[in-house]
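*Asks:* Take a look at coords24.cif, mmCIF, C-alpha atoms:
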```cif
data_query
#
loop_
_atom_site.label_atom_id
_atom_site.label_comp_id
_atom_site.auth_asym_id
_atom_site.auth_seq_id
_atom_site.Cartn_x
_atom_site.Cartn_y
_atom_site.Cartn_z
CA MET A 455 0.00 0.00 0.00
CA SER A 456 1.21 3.45 -0.74
CA ARG A 457 1.78 5.93 2.05
CA ALA A 458 -0.87 8.31 0.64
CA PHE A 459 -3.48 5.54 0.58
CA THR A 460 -2.64 4.54 4.16
CA LEU A 461 -2.91 8.15 5.35
CA ALA A 462 -6.23 8.61 3.54
CA LEU A 463 -7.58 5.40 5.04
CA ALA A 464 -6.43 6.48 8.52
CA ALA A 465 -8.11 9.88 8.05
CA ILE A 466 -11.40 8.23 7.07
CA PHE A 467 -11.31 5.91 10.08
CA ALA A 468 -10.47 8.81 12.38
CA ALA A 469 -13.35 10.89 11.00
CA VAL A 470 -15.83 8.06 11.41
CA TRP A 471 -14.52 6.95 14.81
CA THR A 472 -14.53 10.45 16.36
CA ALA A 473 -17.78 11.67 14.82
CA PRO A 474 -20.39 12.45 17.46
CA ALA A 475 -23.07 9.84 17.77
CA PRO A 476 -26.41 11.03 16.49
CA SER A 477 -28.79 11.86 19.31
CA ARG A 478 -31.50 9.26 19.55
CA LYS A 479 -34.93 9.42 20.97
CA ALA A 480 -35.31 7.01 23.86
CA PRO A 481 -37.60 4.09 23.08
CA PRO A 482 -40.78 3.91 25.19
CA TRP A 483 -39.38 1.24 27.52
CA GLU A 484 -36.51 3.57 28.51
CA LYS A 485 -38.69 6.56 29.39
CA PRO A 486 -38.87 7.12 33.16
CA LYS A 487 -42.66 6.79 33.46
CA GLN A 488 -42.72 3.64 31.31
CA VAL A 489 -39.88 2.05 33.27
CA ALA A 490 -41.69 2.80 36.53
CA ARG A 491 -44.95 1.44 35.14
CA TYR A 492 -43.26 -1.82 34.16
CA LEU A 493 -41.64 -2.03 37.60
CA TYR A 494 -45.06 -1.52 39.21
CA LEU A 495 -46.73 -4.12 37.00
CA GLU A 496 -43.96 -6.65 37.60
CA ASN A 497 -43.49 -6.19 41.35
CA CYS A 498 -46.50 -4.47 42.91
CA SER A 499 -49.67 -5.04 40.90
CA ILE A 500 -50.16 -8.60 42.11
CA CYS A 501 -51.03 -7.26 45.59
CA HIS A 502 -51.83 -3.56 45.07
CA ASP A 503 -54.33 -1.74 42.89
CA LEU A 504 -53.52 1.72 41.59
CA SER A 505 -56.84 2.60 39.98
CA LYS A 506 -59.65 1.39 42.26
CA PRO A 507 -60.43 2.84 45.70
CA LYS A 508 -61.65 -0.58 46.86
CA SER A 509 -59.81 -3.62 45.66
CA PRO A 510 -60.07 -7.35 46.36
CA LYS A 511 -56.28 -7.66 46.25
CA MET A 512 -54.31 -8.62 49.36
CA GLY A 513 -52.43 -5.31 49.79
CA PRO A 514 -53.96 -1.89 50.32
CA THR A 515 -54.99 0.16 47.32
CA LEU A 516 -52.48 2.82 46.29
CA VAL A 517 -55.04 5.31 44.92
CA ARG A 518 -54.58 7.51 47.98
CA PHE A 519 -51.04 8.34 46.88
CA LYS A 520 -52.24 9.63 43.48
CA THR A 521 -54.76 11.94 45.18
CA ALA A 522 -52.39 13.26 47.85
CA PRO A 523 -51.83 17.03 48.08
CA PRO A 524 -48.63 18.34 46.47
CA ALA A 525 -47.37 19.59 49.85
CA ALA A 526 -47.15 16.00 51.10
CA ARG A 527 -45.20 14.75 48.08
CA GLU A 528 -41.71 14.64 49.61
CA SER A 529 -42.73 12.99 52.88
CA LEU A 530 -44.85 10.46 50.96
CA ARG A 531 -41.93 9.70 48.64
CA LYS A 532 -39.74 8.92 51.66
CA TYR A 533 -42.49 6.77 53.21
CA ILE A 534 -43.10 4.83 49.97
CA MET A 535 -39.38 4.26 49.43
CA PHE A 536 -39.02 3.04 53.02
CA LYS A 537 -41.96 0.61 52.65
CA ILE A 538 -40.64 -0.75 49.34
CA ARG A 539 -37.16 -1.22 50.82
CA SER A 540 -38.20 -2.64 54.19
CA GLY A 541 -41.57 -4.26 53.55
CA GLY A 542 -44.31 -4.60 56.12
CA ILE A 543 -46.34 -7.19 57.99
CA LYS A 544 -47.55 -8.93 54.82
CA MET A 545 -45.44 -7.09 52.27
CA PRO A 546 -42.04 -8.55 51.41
CA LYS A 547 -39.05 -6.23 51.37
CA PHE A 548 -37.79 -5.31 47.92
CA GLY A 549 -34.60 -3.57 49.06
CA ASP A 550 -32.51 -6.56 48.03
CA VAL A 551 -34.39 -7.06 44.74
CA LEU A 552 -34.69 -3.51 43.37
CA SER A 553 -31.96 -0.91 43.02
CA GLU A 554 -32.25 2.45 44.77
CA ASP A 555 -32.97 4.08 41.40
CA GLN A 556 -35.78 1.61 40.69
CA ILE A 557 -37.28 2.21 44.14
CA ARG A 558 -37.17 5.99 43.55
CA ARG A 559 -38.82 5.59 40.15
CA LEU A 560 -41.58 3.45 41.66
CA ALA A 561 -42.20 6.03 44.39
CA ASP A 562 -42.40 8.83 41.80
CA TYR A 563 -44.81 6.73 39.72
CA LEU A 564 -47.16 6.24 42.66
CA LEU A 565 -47.25 9.98 43.49
CA PRO A 566 -49.36 12.58 41.67
CA ASP A 567 -47.81 14.24 38.63
CA ASP A 568 -46.52 17.77 39.03
#
```
Would you kindly transcribe this structure into structure tokens?
*Replies:*
Amino acid sequence: MSRAFTLALAAIFAAVWTAPAPSRKAPPWEKPKQVARYLYLENCSICHDLSKPKSPKMGPTLVRFKTAPPAARESLRKYIMFKIRSGGIKMPKFGDVLSEDQIRRLADYLLPDD
């Protein structure tokens, strides 16, 4: 190979290799609300209902969190995260199953939107 060809080939590789990656739109399963919804459906929905005030499921309904006043949001977030991590009388603890980020996302999902 000639030196000019090698330099041209190296320049092309360098241009392609260092080019900024095109920004991509996150697929639906990577969006925070969708991730939290899937976490809820996979881990919580078997025992808790999020849409009905009265539910035949074993755990308490979680509708009250969605209707909570905005002023109570931070204290409720801490309470929800604690309950998810530590569990309760009938509720298993999920602190060793879910990451801290997943627990935070679940808590945010259960609270009213801003």
*Asks:* Figure out the distance between atom CA of A:Met545 and atom CA of A:Asp503, please, to one decimal in Å.
*Replies:*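 Separation between atom CA of A:Asp503 and atom CA of A:Met545: 14.0 Å.
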*Asks:* Report, in Å to a single decimal, how far apart atom CA of A:Pro510 and atom CA of A:Asp562 are.
*Replies:*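 Between atom CA of A:Asp562 and atom CA of A:Pro510 the gap is 24.4 Å.
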*Asks:* So how far away is atom CA of A:Thr521 from atom CA of A:Val489, in Å?
*Replies:*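 Rounded to one decimal, the two atoms are 21.5 Å apart.
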*Asks:* With a distance cut-off of 10 Å and only C-alpha atoms, select the neighbouring residues of A:Tyr494, excluding the residue or stretch itself and same-chain residues fewer than 3 positions from it, and output the selection as a VMD selection string.
*Replies:* chain A and resid 488 to 491 497 to 500 502 to 504 556 to 557 559 to 561 563 to 564
*Asks:* Can you spell out as a list of chain:residue names the set of residues that the PyMOL selection byres ((chain A and resi 549) around 7) selects in the structure I just provided?
*Replies:*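 Evaluating the PyMOL selection byres ((chain A and resi 549) around 7) on this file yields A:Ile538, A:Arg539, A:Ser540, A:Lys547, A:Phe548, A:Asp550, A:Val551, A:Leu552.
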*Asks:* Using C-alpha atoms, can you export the residues from the last selection as a compact mmCIF listing (two decimals), keeping the file's coordinate frame?
*Replies:*
```txt
# COMPACT_ATOMS: atom_id res chain seq x y z
CA ILE A 538 -40.64 -0.75 49.34
CA ARG A 539 -37.16 -1.22 50.82
CA SER A 540 -38.20 -2.64 54.19
CA LYS A 547 -39.05 -6.23 51.37
CA PHE A 548 -37.79 -5.31 47.92
CA ASP A 550 -32.51 -6.56 48.03
CA VAL A 551 -34.39 -7.06 44.74
CA LEU A 552 -34.69 -3.51 43.37
```
*Asks:* From the set A:Ser456, A:Glu496, A:Leu565, A:Met512, which residue has the shortest atom-to-atom contact distance to A:Ala526, counting only C-alpha atoms?
*Replies:*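 Using only C-alpha atoms, A:Ala526 sits closest to A:Leu565.
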*Asks:* Taking the partial coordinates given, rebuild stretch 527-538 of chain A to contain N, CA and C atoms; return it as a tab-separated table (two decimals), in the coordinates of the input.
*Replies:*
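Contents of the output file rebuild.tsv:
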```tsv
chain	number	residue	atom	x	y	z
A	527	ARG	N	-45.92	15.59	49.05
A	527	ARG	CA	-45.20	14.75	48.08
A	527	ARG	C	-43.87	14.22	48.61
A	528	GLU	N	-43.04	15.07	49.18
A	528	GLU	CA	-41.71	14.64	49.61
A	528	GLU	C	-41.78	13.65	50.78
A	529	SER	N	-42.63	13.92	51.75
A	529	SER	CA	-42.73	12.99	52.88
A	529	SER	C	-43.34	11.66	52.42
A	530	LEU	N	-44.29	11.70	51.50
A	530	LEU	CA	-44.85	10.46	50.96
A	530	LEU	C	-43.82	9.68	50.17
A	531	ARG	N	-42.99	10.36	49.41
A	531	ARG	CA	-41.93	9.70	48.64
A	531	ARG	C	-41.01	8.92	49.59
A	532	LYS	N	-40.61	9.58	50.69
A	532	LYS	CA	-39.74	8.92	51.66
A	532	LYS	C	-40.44	7.71	52.28
A	533	TYR	N	-41.72	7.86	52.61
A	533	TYR	CA	-42.49	6.77	53.21
A	533	TYR	C	-42.60	5.58	52.23
A	534	ILE	N	-42.94	5.88	50.98
A	534	ILE	CA	-43.10	4.83	49.97
A	534	ILE	C	-41.77	4.11	49.75
A	535	MET	N	-40.69	4.87	49.64
A	535	MET	CA	-39.38	4.26	49.43
A	535	MET	C	-39.00	3.38	50.62
A	536	PHE	N	-39.31	3.84	51.83
A	536	PHE	CA	-39.02	3.04	53.02
A	536	PHE	C	-39.81	1.73	53.00
A	537	LYS	N	-41.11	1.81	52.68
A	537	LYS	CA	-41.96	0.61	52.65
A	537	LYS	C	-41.50	-0.37	51.57
A	538	ILE	N	-41.12	0.13	50.41
A	538	ILE	CA	-40.64	-0.75	49.34
A	538	ILE	C	-39.35	-1.44	49.79
```
